[in-house]
>>> print(open('structure.tsv').read())   # TSV, C-alpha atoms
chain	number	residue	atom	x	y	z
A	1	ILE	CA	-38.45	33.14	-37.49
A	2	CYS	CA	-37.99	29.69	-36.01
A	3	PHE	CA	-35.94	31.12	-33.14
A	4	GLY	CA	-38.53	33.80	-32.52
A	5	LEU	CA	-41.43	31.33	-32.39
A	6	GLY	CA	-39.58	28.68	-30.40
A	7	PRO	CA	-40.46	27.78	-26.81
A	8	GLN	CA	-38.77	29.42	-23.83
A	9	SER	CA	-35.71	27.62	-22.52
A	10	SER	CA	-35.98	25.69	-19.27
A	11	THR	CA	-33.38	27.97	-17.68
A	12	GLU	CA	-35.51	31.02	-18.31
A	13	HIS	CA	-38.65	29.21	-17.19
A	14	HIS	CA	-37.24	28.53	-13.72
A	15	GLN	CA	-35.93	32.03	-13.14
A	16	GLY	CA	-39.36	33.22	-12.01
A	17	SER	CA	-38.88	36.51	-13.86
A	18	ARG	CA	-40.86	37.94	-16.71
A	19	HIS	CA	-40.59	35.64	-19.71
A	20	VAL	CA	-38.93	37.20	-22.72
A	21	ASN	CA	-38.65	35.61	-26.12
A	22	PRO	CA	-35.08	34.20	-26.39
A	23	PHE	CA	-34.71	35.57	-29.90
A	24	ARG	CA	-35.43	39.10	-28.66
A	25	ARG	CA	-33.11	38.70	-25.69
A	26	VAL	CA	-30.23	37.57	-27.86
A	27	PHE	CA	-30.81	40.32	-30.41
A	28	GLY	CA	-30.92	42.93	-27.67
A	29	MET	CA	-27.76	41.69	-25.98
A	30	VAL	CA	-25.53	41.21	-29.04
A	31	THR	CA	-27.06	43.44	-31.71
A	32	LEU	CA	-23.70	44.80	-32.85
A	33	ALA	CA	-22.19	41.33	-32.99
A	34	LEU	CA	-25.00	40.21	-35.30
A	35	LEU	CA	-24.49	43.27	-37.51
A	36	ALA	CA	-20.75	42.60	-37.61
A	37	ALA	CA	-21.38	39.01	-38.69
A	38	LEU	CA	-23.76	40.28	-41.36
A	39	ALA	CA	-21.12	42.72	-42.64
A	40	ALA	CA	-18.43	40.01	-42.64
A	41	GLY	CA	-20.77	37.66	-44.48
A	42	TYR	CA	-21.38	40.35	-47.05
A	43	ILE	CA	-17.73	41.27	-47.61
A	44	GLU	CA	-15.99	37.88	-47.65
A	45	PRO	CA	-18.13	35.99	-50.22
A	46	ALA	CA	-18.46	39.13	-52.36
A	47	MET	CA	-14.68	39.51	-52.46
A	48	VAL	CA	-14.06	35.83	-53.08
A	49	SER	CA	-16.53	35.70	-55.95
A	50	LEU	CA	-15.80	39.05	-57.58
A	51	LEU	CA	-12.25	40.11	-56.66
A	52	PRO	CA	-10.60	38.44	-59.69
A	53	LEU	CA	-13.11	40.11	-62.04
A	54	TYR	CA	-12.60	43.43	-60.28
A	55	LEU	CA	-8.82	43.24	-60.62
A	56	MET	CA	-8.93	42.00	-64.20
A	57	SER	CA	-11.09	45.00	-65.13
A	58	PHE	CA	-8.05	47.11	-64.15
A	59	GLN	CA	-5.74	45.15	-66.44
A	60	TYR	CA	-4.40	42.63	-63.92
A	61	PRO	CA	-3.57	39.28	-65.54
A	62	GLU	CA	-5.85	36.42	-64.53
A	63	ALA	CA	-3.11	34.50	-62.71
A	64	GLN	CA	-2.11	37.58	-60.72
A	65	ALA	CA	-5.72	38.36	-59.83
A	66	LEU	CA	-6.21	34.82	-58.50
A	67	PHE	CA	-2.97	35.07	-56.53
A	68	MET	CA	-4.21	38.28	-54.93
A	69	LEU	CA	-7.42	36.49	-53.98
A	70	SER	CA	-5.26	33.97	-52.12
A	71	VAL	CA	-3.52	36.84	-50.33
A	72	PHE	CA	-6.95	38.12	-49.23
A	73	GLY	CA	-7.77	34.67	-47.85
A	74	LEU	CA	-4.37	34.41	-46.16
A	75	GLY	CA	-5.01	37.64	-44.29
A	76	GLY	CA	-8.37	36.29	-43.19
A	77	THR	CA	-6.60	33.26	-41.73
A	78	ILE	CA	-3.52	34.73	-40.09
A	79	LEU	CA	-4.86	37.96	-38.61
A	80	GLN	CA	-7.61	36.33	-36.53
A	81	ILE	CA	-5.13	35.42	-33.78
A	82	PRO	CA	-3.89	38.98	-33.06
A	83	LEU	CA	-7.46	40.27	-33.24
A	84	GLY	CA	-8.56	37.72	-30.65
A	85	TRP	CA	-5.59	38.68	-28.48
A	86	LEU	CA	-6.56	42.37	-28.78
A	87	ALA	CA	-10.15	41.57	-27.80
A	88	ASP	CA	-8.86	39.76	-24.68
A	89	ARG	CA	-6.55	42.60	-23.70
A	90	ARG	CA	-8.50	45.70	-24.72
A	91	GLY	CA	-12.08	44.45	-25.01
A	92	PHE	CA	-14.46	43.93	-27.90
A	93	PRO	CA	-15.07	47.66	-28.58
A	94	ALA	CA	-11.38	48.29	-29.25
A	95	ALA	CA	-11.04	45.28	-31.56
A	96	GLN	CA	-14.29	46.12	-33.36
A	97	SER	CA	-13.17	49.72	-33.85
A	98	LEU	CA	-9.84	48.58	-35.25
A	99	CYS	CA	-11.53	46.25	-37.74
A	100	LEU	CA	-13.96	49.00	-38.72
A	101	MET	CA	-11.28	51.65	-39.30
A	102	LEU	CA	-8.96	49.29	-41.17
A	103	THR	CA	-11.75	47.96	-43.37
A	104	LEU	CA	-12.78	51.51	-44.29
A	105	GLY	CA	-9.18	52.60	-44.77
A	106	CYS	CA	-8.23	49.57	-46.85
A	107	SER	CA	-11.30	49.96	-49.05
A	108	LEU	CA	-10.50	53.60	-49.74
A	109	LEU	CA	-6.83	52.82	-50.39
A	110	LEU	CA	-7.77	50.00	-52.75
A	111	ILE	CA	-9.65	52.48	-54.91
A	112	LEU	CA	-6.86	55.06	-54.79
A	113	MET	CA	-3.96	52.62	-55.33
A	114	ILE	CA	-5.54	50.02	-57.59
A	115	SER	CA	-2.73	50.39	-60.15
A	116	THR	CA	0.07	49.75	-57.63
A	117	ASN	CA	0.63	46.00	-57.36
A	118	TRP	CA	2.58	45.83	-54.12
A	119	ALA	CA	0.16	48.19	-52.38
A	120	VAL	CA	-2.85	46.16	-53.49
A	121	LEU	CA	-1.27	43.01	-52.05
A	122	ILE	CA	-0.80	44.63	-48.63
A	123	ILE	CA	-4.27	46.18	-48.71
A	124	LEU	CA	-5.97	42.89	-49.59
A	125	PHE	CA	-4.07	41.02	-46.87
A	126	ALA	CA	-5.21	43.54	-44.24
A	127	LEU	CA	-8.74	43.73	-45.67
A	128	GLY	CA	-9.08	39.96	-45.55
A	129	GLY	CA	-8.00	39.91	-41.92
A	130	CYS	CA	-10.35	42.69	-40.87
A	131	ALA	CA	-13.36	41.34	-42.75
A	132	GLY	CA	-12.84	37.91	-41.23
A	133	GLY	CA	-12.15	39.54	-37.88
A	134	LEU	CA	-15.62	41.05	-37.78
A	135	ASN	CA	-17.12	37.57	-37.76
A	136	THR	CA	-14.49	36.20	-35.36
A	137	LEU	CA	-15.20	38.98	-32.88
A	138	ALA	CA	-18.94	38.48	-33.27
A	139	VAL	CA	-18.60	34.81	-32.32
A	140	ILE	CA	-16.31	35.62	-29.37
A	141	GLU	CA	-18.60	38.39	-28.11
A	142	ALA	CA	-21.72	36.23	-28.35
A	143	GLY	CA	-20.00	33.38	-26.52
A	144	SER	CA	-18.70	35.67	-23.78
A	145	THR	CA	-21.79	37.82	-23.33
A	146	LEU	CA	-24.73	35.46	-23.53
A	147	PRO	CA	-25.71	33.26	-20.59
A	148	GLY	CA	-25.59	29.51	-21.03
A	149	GLY	CA	-29.30	29.20	-21.73
A	150	LEU	CA	-29.01	31.53	-24.73
A	151	ALA	CA	-25.59	30.56	-26.08
A	152	GLY	CA	-26.94	28.09	-28.63
A	153	THR	CA	-29.51	30.51	-29.98
A	154	GLY	CA	-26.89	33.27	-30.07
A	155	MET	CA	-24.34	31.24	-32.00
A	156	ALA	CA	-27.01	30.11	-34.44
A	157	LEU	CA	-28.08	33.71	-35.04
A	158	VAL	CA	-24.47	34.79	-35.61
A	159	ALA	CA	-24.10	32.01	-38.18
A	160	SER	CA	-27.42	32.95	-39.79
A	161	SER	CA	-26.40	36.63	-39.98
A	162	TYR	CA	-23.13	35.69	-41.67
A	163	THR	CA	-24.95	33.41	-44.11
A	164	LEU	CA	-27.51	36.12	-44.93
A	165	GLY	CA	-24.69	38.50	-45.74
A	166	GLY	CA	-23.14	35.82	-47.92
A	167	VAL	CA	-26.38	35.47	-49.87
A	168	VAL	CA	-26.79	39.20	-50.42
A	169	GLY	CA	-23.14	40.16	-50.93
A	170	PRO	CA	-22.26	38.60	-54.29
A	171	ALA	CA	-25.62	39.55	-55.83
A	172	VAL	CA	-25.49	43.22	-54.79
A	173	SER	CA	-21.77	43.62	-55.46
A	174	GLY	CA	-22.13	42.00	-58.87
A	175	ALA	CA	-24.98	44.33	-59.77
A	176	VAL	CA	-22.95	47.47	-58.94
A	177	LEU	CA	-19.54	46.22	-60.05
A	178	ASN	CA	-19.30	48.62	-63.00
A	179	ILE	CA	-20.55	51.68	-61.12
A	180	GLY	CA	-18.16	54.37	-59.89
A	181	GLY	CA	-15.47	53.77	-62.45
A	182	GLY	CA	-15.47	50.03	-61.80
A	183	HIS	CA	-15.24	50.40	-58.01
A	184	GLY	CA	-18.92	49.87	-57.29
A	185	ALA	CA	-18.46	46.76	-55.14
A	186	ILE	CA	-15.84	48.49	-52.97
A	187	ILE	CA	-18.02	51.60	-52.65
A	188	VAL	CA	-20.84	49.44	-51.30
A	189	ILE	CA	-18.46	47.98	-48.70
A	190	ILE	CA	-17.45	51.51	-47.66
A	191	GLY	CA	-21.11	52.45	-47.28
A	192	LEU	CA	-21.89	49.31	-45.30
A	193	MET	CA	-19.00	49.84	-42.91
A	194	SER	CA	-19.90	53.52	-42.49
A	195	VAL	CA	-23.39	52.52	-41.35
A	196	TYR	CA	-21.89	49.97	-38.97
A	197	GLY	CA	-19.54	52.62	-37.62
A	198	VAL	CA	-22.41	55.02	-36.92
A	199	LEU	CA	-24.32	52.28	-35.08
A	200	LEU	CA	-21.20	51.40	-33.10
A	201	VAL	CA	-20.76	55.01	-31.95
A	202	VAL	CA	-24.46	55.40	-31.11
A	203	SER	CA	-24.41	52.18	-29.11
A	204	ARG	CA	-21.35	53.25	-27.12
A	205	ASN	CA	-22.82	56.66	-26.37
A	206	ALA	CA	-26.03	55.00	-25.20
A	207	ARG	CA	-24.06	52.71	-22.89
A	208	ILE	CA	-22.05	55.63	-21.48
A	209	GLY	CA	-25.24	57.61	-20.96
A	210	GLY	CA	-26.92	54.67	-19.26
A	211	ALA	CA	-23.94	54.12	-16.99
A	212	GLY	CA	-23.94	57.79	-16.05
A	213	LEU	CA	-27.54	57.62	-14.93
A	214	GLU	CA	-26.94	54.68	-12.61
>>> encode(input="structure.tsv", output="structure tokens")
Amino acid sequence: ICFGLGPQSSTEHHQGSRHVNPFRRVFGMVTLALLAALAAGYIEPAMVSLLPLYLMSFQYPEAQALFMLSVFGLGGTILQIPLGWLADRRGFPAAQSLCLMLTLGCSLLLILMISTNWAVLIILFALGGCAGGLNTLAVIEAGSTLPGGLAGTGMALVASSYTLGGVVGPAVSGAVLNIGGGHGAIIVIIGLMSVYGVLLVVSRNARIGGAGLE
């Protein structure tokens, strides 16, 4: 709200073009990045707060469940570098698609292979990297796409989107934790990423269609 009601930047004011609210400009230019940050903010805090309880409900010892939480965090730390490299080489769409597909795949595999310790470790490592990668790519995309006069607003909105997801994630995931045979929190993540995937495809098709008309 504060961004939307704020005054126009001096850069915009001297352009002589039609004044557009900076909040609306940023949202229009990096909508998918903001949604990715929201999804990352939902997944990471929800997993950090509820993963041990989730694993312990499937008979994992407490110490092992906490160790697996550390593996999730380790993936979120290490895998950001290759994702950034991929975004530089192949572009944001390719990196975003990879994170999307791996997050969906890892979530499904976690449900199917929850009783296999070594598989769960690998899945959580990859899931941590992809969930964190969504936010990393959102920050990179906003910084690379937005002009200097909107960069501050854009970065603040990315951070706010992530924080909003972090507020909603643990509450919603905790409420549905026992649904779906104990996989409720993971099912919500699958649903969230499916919606993001649909929006990603629609956005790309719109861009291709727009480019074809030019």
>>> closest_residue(input="structure.tsv", among="A:Ala171, A:Leu157, A:Leu121, A:Leu35", to="Gly143 in chain A", atoms="only C-alpha atoms")
A:Leu157
>>> closest_residue(input="structure.tsv", among="A:Val167, A:Val201, A:Met29, A:Leu74", to="Gly128 in chain A", atoms="all atoms listed in the file")
A:Leu74
>>> residues_around(input="structure.tsv", residues="Leu150 in chain A", least_positions_apart="2", cutoff="9 Å", atoms="all atoms listed in the file", output="list in words")
Ser9, Pro22, Phe23, Arg25, Val26, Leu146, Pro147, Gly148, Gly152, Thr153, Gly154 and Met155 of chain A
>>> residues_around(input="structure.tsv", residues="Leu66 in chain A", least_positions_apart="2", cutoff="10 Å", atoms="only C-alpha atoms", output="number ranges by chain")
A: 48, 51-53, 55-56, 60-64, 68-72
>>> atom_distance(input="structure.tsv", atom1="CA of Pro82 in chain A", atom2="CA of Leu50 in chain A")
27.3 Å
>>> closest_residue(input="structure.tsv", among="A:Thr163, A:Ser144, A:Gln80, A:Ser173", to="Leu127 in chain A", atoms="only C-alpha atoms")
A:Gln80
>>> decode(input="structure.tsv", residues="range 144-157 of chain A", atoms="N, CA and C atoms", output="tab-separated table (two decimals), in the first residue's frame")
chain	number	residue	atom	x	y	z
A	144	SER	N	17.85	-7.17	-12.77
A	144	SER	CA	18.27	-7.08	-14.17
A	144	SER	C	17.23	-6.44	-15.07
A	145	THR	N	15.97	-6.53	-14.69
A	145	THR	CA	14.89	-6.08	-15.55
A	145	THR	C	14.47	-4.64	-15.29
A	146	LEU	N	14.42	-4.26	-14.03
A	146	LEU	CA	13.88	-2.95	-13.68
A	146	LEU	C	14.90	-1.85	-13.93
A	147	PRO	N	14.45	-0.70	-14.41
A	147	PRO	CA	15.36	0.44	-14.56
A	147	PRO	C	15.78	0.98	-13.19
A	148	GLY	N	16.83	1.78	-13.19
A	148	GLY	CA	17.38	2.26	-11.93
A	148	GLY	C	16.39	2.97	-11.04
A	149	GLY	N	15.46	3.71	-11.64
A	149	GLY	CA	14.49	4.45	-10.85
A	149	GLY	C	13.47	3.59	-10.16
A	150	LEU	N	13.38	2.32	-10.54
A	150	LEU	CA	12.41	1.41	-9.94
A	150	LEU	C	13.06	0.26	-9.19
A	151	ALA	N	14.39	0.20	-9.21
A	151	ALA	CA	15.08	-0.94	-8.60
A	151	ALA	C	14.80	-1.06	-7.11
A	152	GLY	N	14.82	0.06	-6.40
A	152	GLY	CA	14.56	0.01	-4.96
A	152	GLY	C	13.18	-0.48	-4.64
A	153	THR	N	12.18	0.05	-5.35
A	153	THR	CA	10.81	-0.40	-5.14
A	153	THR	C	10.67	-1.88	-5.48
A	154	GLY	N	11.32	-2.30	-6.59
A	154	GLY	CA	11.24	-3.69	-7.00
A	154	GLY	C	11.82	-4.64	-5.97
A	155	MET	N	13.01	-4.31	-5.48
A	155	MET	CA	13.65	-5.18	-4.48
A	155	MET	C	12.82	-5.23	-3.19
A	156	ALA	N	12.24	-4.10	-2.82
A	156	ALA	CA	11.41	-4.07	-1.62
A	156	ALA	C	10.17	-4.94	-1.80
A	157	LEU	N	9.58	-4.92	-2.99
A	157	LEU	CA	8.41	-5.74	-3.24
A	157	LEU	C	8.75	-7.22	-3.29
